[in-house]
file structure08.cif (mmCIF, C-alpha atoms)
data_run
#
loop_
_atom_site.label_atom_id
_atom_site.label_comp_id
_atom_site.auth_asym_id
_atom_site.auth_seq_id
_atom_site.Cartn_x
_atom_site.Cartn_y
_atom_site.Cartn_z
CA MET A 1 1.37 -35.88 -56.56
CA ALA A 2 3.72 -38.61 -55.45
CA ALA A 3 3.87 -39.48 -51.78
CA GLY A 4 6.79 -37.64 -50.32
CA ALA A 5 7.03 -34.99 -53.04
CA GLY A 6 6.80 -31.73 -51.14
CA ALA A 7 5.48 -33.50 -48.01
CA TYR A 8 7.16 -32.97 -44.65
CA THR A 9 8.71 -36.09 -43.17
CA PRO A 10 10.10 -35.73 -39.65
CA ALA A 11 13.58 -36.92 -38.88
CA ALA A 12 13.87 -40.18 -36.95
CA ALA A 13 14.98 -38.31 -33.82
CA GLU A 14 11.81 -36.14 -33.88
CA VAL A 15 9.56 -39.20 -34.08
CA ALA A 16 11.40 -41.09 -31.36
CA ASP A 17 11.57 -38.13 -28.90
CA PRO A 18 8.69 -35.66 -29.45
CA VAL A 19 9.41 -33.95 -26.10
CA ASN A 20 12.79 -32.62 -25.07
CA PRO A 21 14.04 -34.88 -22.24
CA ALA A 22 14.78 -31.83 -20.09
CA ALA A 23 11.07 -30.90 -20.21
CA MET A 24 9.70 -34.35 -19.35
CA ALA A 25 9.07 -33.57 -15.65
CA LEU A 26 7.05 -30.47 -16.56
CA VAL A 27 5.08 -32.32 -19.25
CA ARG A 28 4.33 -35.12 -16.77
CA GLN A 29 3.01 -32.57 -14.23
CA GLN A 30 0.81 -30.92 -16.87
CA LEU A 31 -0.65 -34.26 -17.95
CA GLU A 32 -1.37 -35.12 -14.32
CA VAL A 33 -3.29 -31.85 -13.90
CA PHE A 34 -5.33 -32.61 -17.02
CA GLU A 35 -6.07 -36.12 -15.78
CA THR A 36 -6.96 -35.33 -12.16
CA ARG A 37 -8.57 -31.92 -12.82
CA GLN A 38 -6.82 -30.61 -9.69
CA PHE A 39 -4.07 -28.05 -9.34
CA ALA A 40 -2.23 -26.81 -6.26
CA TRP A 41 0.63 -24.34 -6.11
CA GLN A 42 2.51 -22.67 -3.29
CA GLY A 43 5.15 -20.09 -3.95
CA VAL A 44 6.16 -16.47 -3.82
CA ALA A 45 4.08 -13.91 -5.74
CA TRP A 46 6.69 -11.20 -5.14
CA PRO A 47 9.54 -10.91 -2.62
CA GLY A 48 8.22 -11.56 0.87
CA GLN A 49 4.72 -12.49 -0.38
CA SER A 50 3.85 -16.16 -0.09
CA ILE A 51 0.76 -17.46 -1.81
CA ALA A 52 -1.17 -20.73 -1.95
CA TRP A 53 -3.53 -21.50 -4.84
CA GLU A 54 -5.74 -24.52 -5.46
CA ALA A 55 -8.14 -25.22 -8.32
CA THR A 56 -10.44 -28.21 -8.75
CA GLU A 57 -12.93 -29.05 -11.45
CA GLU A 58 -16.39 -30.00 -10.23
CA ALA A 59 -18.26 -32.85 -11.84
CA SER A 60 -20.01 -31.74 -15.02
CA GLN A 61 -23.64 -30.79 -14.62
CA LYS A 62 -26.28 -31.14 -17.31
CA HIS A 63 -28.28 -28.03 -18.20
CA GLU A 64 -31.36 -27.83 -20.40
CA LYS A 65 -31.21 -25.29 -23.18
CA PRO A 66 -34.15 -22.85 -23.22
CA GLU A 67 -35.08 -23.75 -26.81
CA GLY A 68 -35.49 -27.47 -26.29
CA PRO A 69 -34.84 -30.60 -24.28
CA SER A 70 -31.28 -31.15 -25.56
CA GLU A 71 -28.69 -30.91 -22.83
CA GLN A 72 -25.19 -29.52 -22.71
CA SER A 73 -22.60 -30.10 -20.04
CA SER A 74 -21.06 -27.23 -18.18
CA ALA A 75 -17.84 -27.68 -16.28
CA ALA A 76 -17.46 -25.62 -13.14
CA TRP A 77 -14.25 -24.87 -11.30
CA LYS A 78 -13.63 -24.08 -7.65
CA THR A 79 -10.51 -22.15 -6.81
CA CYS A 80 -9.06 -20.98 -3.51
CA LEU A 81 -6.36 -18.34 -3.13
CA ARG A 82 -4.70 -17.68 0.26
CA LEU A 83 -2.29 -14.85 0.86
CA THR A 84 -1.21 -12.31 3.44
CA LEU A 85 -1.16 -8.75 2.13
CA PRO A 86 0.92 -6.00 3.77
CA ASN A 87 -2.03 -3.66 4.49
CA LEU A 88 -4.89 -6.16 4.77
CA GLY A 89 -3.38 -9.18 6.49
CA GLN A 90 -4.41 -12.77 5.78
CA ILE A 91 -7.14 -13.17 3.15
CA THR A 92 -8.72 -16.20 1.53
CA ALA A 93 -10.70 -15.90 -1.71
CA ASN A 94 -12.91 -18.81 -2.79
CA LEU A 95 -14.40 -18.67 -6.27
CA ARG A 96 -16.76 -20.99 -8.08
CA LEU A 97 -16.99 -20.28 -11.78
CA ASP A 98 -18.41 -21.78 -14.92
CA ALA A 99 -19.08 -20.55 -18.44
CA ARG A 100 -22.01 -18.40 -17.29
CA CYS A 101 -21.23 -16.94 -13.87
CA VAL A 102 -18.99 -16.62 -10.84
CA GLU A 103 -19.62 -16.81 -7.10
CA ILE A 104 -17.08 -15.24 -4.74
CA ARG A 105 -16.51 -15.68 -0.99
CA PHE A 106 -13.79 -13.78 0.85
CA ALA A 107 -12.58 -14.55 4.36
CA ALA A 108 -10.39 -12.19 6.36
CA VAL A 109 -8.76 -12.69 9.75
CA ASP A 110 -9.03 -9.03 10.77
CA PRO A 111 -12.54 -7.52 11.16
CA GLU A 112 -11.28 -4.21 9.72
CA THR A 113 -10.07 -6.02 6.61
CA ALA A 114 -13.48 -7.68 6.25
CA ALA A 115 -15.07 -4.21 6.37
CA VAL A 116 -12.68 -2.94 3.67
CA LEU A 117 -13.52 -5.94 1.46
CA ARG A 118 -17.26 -5.38 1.97
CA GLY A 119 -16.77 -1.73 1.05
CA GLY A 120 -15.19 -2.72 -2.27
CA ALA A 121 -17.84 -5.33 -3.15
CA THR A 122 -19.96 -2.97 -5.25
CA ARG A 123 -16.95 -1.84 -7.26
CA LEU A 124 -15.90 -5.46 -7.85
CA ALA A 125 -19.42 -6.42 -8.91
CA SER A 126 -19.53 -3.48 -11.35
CA GLY A 127 -16.16 -4.43 -12.80
CA LEU A 128 -17.26 -8.03 -13.34
CA GLU A 129 -20.51 -6.89 -14.95
CA SER A 130 -18.70 -4.53 -17.32
CA ALA A 131 -16.46 -7.45 -18.31
CA GLY A 132 -19.55 -9.52 -19.15
CA ILE A 133 -19.22 -11.82 -16.12
CA LYS A 134 -22.45 -12.52 -14.24
CA LEU A 135 -21.96 -12.42 -10.47
CA LEU A 136 -24.07 -15.12 -8.86
CA GLY A 137 -23.20 -14.10 -5.31
CA MET A 138 -20.53 -12.51 -3.16
CA GLY A 139 -19.82 -12.49 0.55
CA VAL A 140 -17.18 -11.55 3.08
CA ASP A 141 -16.75 -13.53 6.29
CA LEU A 142 -14.41 -13.48 9.26
CA ASP A 143 -11.93 -16.36 9.10
CA GLN A 144 -12.33 -18.05 12.51
CA GLU A 145 -9.90 -20.88 11.68
CA ALA A 146 -6.78 -18.81 10.98
#

call {"tool": "encode", "arguments": {"input": "structure08.cif", "output": "structure tokens"}}
result
Amino acid sequence: MAAGAGAYTPAAAEVADPVNPAAMALVRQQLEVFETRQFAWQGVAWPGQSIAWEATEEASQKHEKPEGPSEQSSAAWKTCLRLTLPNLGQITANLRLDARCVEIRFAAVDPETAAVLRGGATRLASGLESAGIKLLGMGVDLDQEA
């Protein structure tokens, strides 16, 4: 088959500008996130509900496979979500997750909210387990810094 017969050849404009110029700022932000392995966002989840979210990749850790000495790397992520809910008040959720498990720490400003979160811990753990997610640990603390 001759070169070019039936083969797709992009127009000169497609080769020169693979990304729409209007999207360049967004593409630049996405590439920065990939490069730094950090993400932070503040905004409005729904009217009147502000939210702050951060995610950071931890350095890769080497793990030995059970069947031999070969190692595989496992990336882990830490994420923190801060919001103020109408019925619960200010809550912070810190998660550490990797391919195998998740660890969750909640912090609440109000002691009653902390009690409500503790009361729902078993249900959350069951839901994670039924989804095939191993819960490494979970805790609820009072947020003394808020």

call {"tool": "atom_distance", "arguments": {"input": "structure08.cif", "atom1": "atom CA of Pro111 of chain A", "atom2": "atom CA of Asn87 of chain A"}}
result
13.0 Å

call {"tool": "atom_distance", "arguments": {"input": "structure08.cif", "atom1": "atom CA of Val102 of chain A", "atom2": "atom CA of Arg123 of chain A"}}
result
15.3 Å

call {"tool": "residues_around", "arguments": {"input": "structure08.cif", "residues": "segment 113-122 of chain A", "least_positions_apart": "3", "cutoff": "7 Å", "atoms": "only C-alpha atoms", "output": "list in words"}}
result
Leu88, Ala108, Asp110, Ala125, Ser126, Val140, Asp141 and Leu142 of chain A

call {"tool": "resolve_selection", "arguments": {"input": "structure08.cif", "expression": "the PyMOL selection byres ((chain A and resi 41) around 7)", "output": "list in words"}}
result
Phe39, Ala40, Gln42, Gly43, Ala52, Trp53 and Glu54 of chain A

call {"tool": "closest_residue", "arguments": {"input": "structure08.cif", "among": "A:Asp143, A:Ala45, A:Ala55, A:Leu124", "to": "Ile91 of chain A", "atoms": "only C-alpha atoms"}}
result
A:Asp143

call {"tool": "atom_distance", "arguments": {"input": "structure08.cif", "atom1": "atom CA of Trp77 of chain A", "atom2": "atom CA of Leu97 of chain A"}}
result
5.4 Å

call {"tool": "residues_near_point", "arguments": {"input": "structure08.cif", "point": "(-24.3, -12.6, -7.0)", "cutoff": "9 Å", "atoms": "all atoms listed in the file", "output": "NGL selection string"}}
result
:A and (101-104 or 125 or 134-139)

call {"tool": "closest_residue", "arguments": {"input": "structure08.cif", "among": "A:Leu85, A:Thr56, A:Glu129, A:Pro21", "to": "Gln38 of chain A", "atoms": "only C-alpha atoms"}}
result
A:Thr56

call {"tool": "closest_residue", "arguments": {"input": "structure08.cif", "among": "A:Arg37, A:Arg105, A:Arg28, A:Arg100", "to": "Cys80 of chain A", "atoms": "all atoms listed in the file"}}
result
A:Arg105

call {"tool": "build_atoms", "arguments": {"input": "structure08.cif", "residues": "segment 39-62 of chain A", "atoms": "N, CA and C atoms", "output": "mmCIF file, in the coordinates of the input"}}
result
data_model
loop_
_atom_site.group_PDB
_atom_site.id
_atom_site.type_symbol
_atom_site.label_atom_id
_atom_site.label_comp_id
_atom_site.auth_asym_id
_atom_site.auth_seq_id
_atom_site.Cartn_x
_atom_site.Cartn_y
_atom_site.Cartn_z
ATOM 1 N N PHE A 39 -5.318 -28.790 -9.259
ATOM 2 C CA PHE A 39 -4.070 -28.050 -9.340
ATOM 3 C C PHE A 39 -3.824 -27.397 -8.000
ATOM 4 N N ALA A 40 -2.610 -27.486 -7.500
ATOM 5 C CA ALA A 40 -2.230 -26.810 -6.260
ATOM 6 C C ALA A 40 -0.841 -26.235 -6.442
ATOM 7 N N TRP A 41 -0.668 -25.001 -5.977
ATOM 8 C CA TRP A 41 0.630 -24.340 -6.110
ATOM 9 C C TRP A 41 0.873 -23.482 -4.889
ATOM 10 N N GLN A 42 2.078 -23.549 -4.374
ATOM 11 C CA GLN A 42 2.510 -22.670 -3.290
ATOM 12 C C GLN A 42 3.815 -22.045 -3.731
ATOM 13 N N GLY A 43 3.935 -20.761 -3.524
ATOM 14 C CA GLY A 43 5.150 -20.090 -3.950
ATOM 15 C C GLY A 43 5.190 -18.661 -3.469
ATOM 16 N N VAL A 44 5.966 -17.876 -4.170
ATOM 17 C CA VAL A 44 6.160 -16.470 -3.820
ATOM 18 C C VAL A 44 5.654 -15.626 -4.980
ATOM 19 N N ALA A 45 4.637 -14.784 -4.702
ATOM 20 C CA ALA A 45 4.080 -13.910 -5.740
ATOM 21 C C ALA A 45 5.040 -12.782 -6.050
ATOM 22 N N TRP A 46 5.638 -12.212 -5.029
ATOM 23 C CA TRP A 46 6.690 -11.200 -5.140
ATOM 24 C C TRP A 46 7.508 -11.326 -3.857
ATOM 25 N N PRO A 47 8.679 -10.720 -3.793
ATOM 26 C CA PRO A 47 9.540 -10.910 -2.620
ATOM 27 C C PRO A 47 8.800 -10.665 -1.302
ATOM 28 N N GLY A 48 8.861 -11.660 -0.435
ATOM 29 C CA GLY A 48 8.220 -11.560 0.870
ATOM 30 C C GLY A 48 6.737 -11.873 0.868
ATOM 31 N N GLN A 49 6.160 -12.223 -0.280
ATOM 32 C CA GLN A 49 4.720 -12.490 -0.380
ATOM 33 C C GLN A 49 4.473 -13.937 -0.781
ATOM 34 N N SER A 50 4.179 -14.770 0.221
ATOM 35 C CA SER A 50 3.850 -16.160 -0.090
ATOM 36 C C SER A 50 2.394 -16.258 -0.502
ATOM 37 N N ILE A 51 2.104 -17.285 -1.271
ATOM 38 C CA ILE A 51 0.760 -17.460 -1.810
ATOM 39 C C ILE A 51 0.488 -18.951 -1.962
ATOM 40 N N ALA A 52 -0.740 -19.349 -1.734
ATOM 41 C CA ALA A 52 -1.170 -20.730 -1.950
ATOM 42 C C ALA A 52 -2.412 -20.679 -2.840
ATOM 43 N N TRP A 53 -2.420 -21.501 -3.884
ATOM 44 C CA TRP A 53 -3.530 -21.500 -4.840
ATOM 45 C C TRP A 53 -3.909 -22.930 -5.164
ATOM 46 N N GLU A 54 -5.197 -23.211 -5.112
ATOM 47 C CA GLU A 54 -5.740 -24.520 -5.460
ATOM 48 C C GLU A 54 -6.889 -24.333 -6.436
ATOM 49 N N ALA A 55 -7.005 -25.234 -7.388
ATOM 50 C CA ALA A 55 -8.140 -25.220 -8.320
ATOM 51 C C ALA A 55 -8.566 -26.658 -8.558
ATOM 52 N N THR A 56 -9.879 -26.875 -8.558
ATOM 53 C CA THR A 56 -10.440 -28.210 -8.750
ATOM 54 C C THR A 56 -11.658 -28.106 -9.653
ATOM 55 N N GLU A 57 -11.754 -29.017 -10.594
ATOM 56 C CA GLU A 57 -12.930 -29.050 -11.450
ATOM 57 C C GLU A 57 -14.028 -29.847 -10.765
ATOM 58 N N GLU A 58 -15.230 -29.285 -10.753
ATOM 59 C CA GLU A 58 -16.390 -30.000 -10.230
ATOM 60 C C GLU A 58 -16.887 -30.963 -11.294
ATOM 61 N N ALA A 59 -17.646 -31.941 -10.882
ATOM 62 C CA ALA A 59 -18.260 -32.850 -11.840
ATOM 63 C C ALA A 59 -19.160 -32.060 -12.768
ATOM 64 N N SER A 60 -19.172 -32.428 -14.039
ATOM 65 C CA SER A 60 -20.010 -31.740 -15.020
ATOM 66 C C SER A 60 -21.473 -31.879 -14.647
ATOM 67 N N GLN A 61 -22.210 -30.796 -14.880
ATOM 68 C CA GLN A 61 -23.640 -30.790 -14.620
ATOM 69 C C GLN A 61 -24.362 -30.613 -15.937
ATOM 70 N N LYS A 62 -25.488 -31.270 -16.095
ATOM 71 C CA LYS A 62 -26.280 -31.140 -17.310
ATOM 72 C C LYS A 62 -27.263 -29.999 -17.151
#
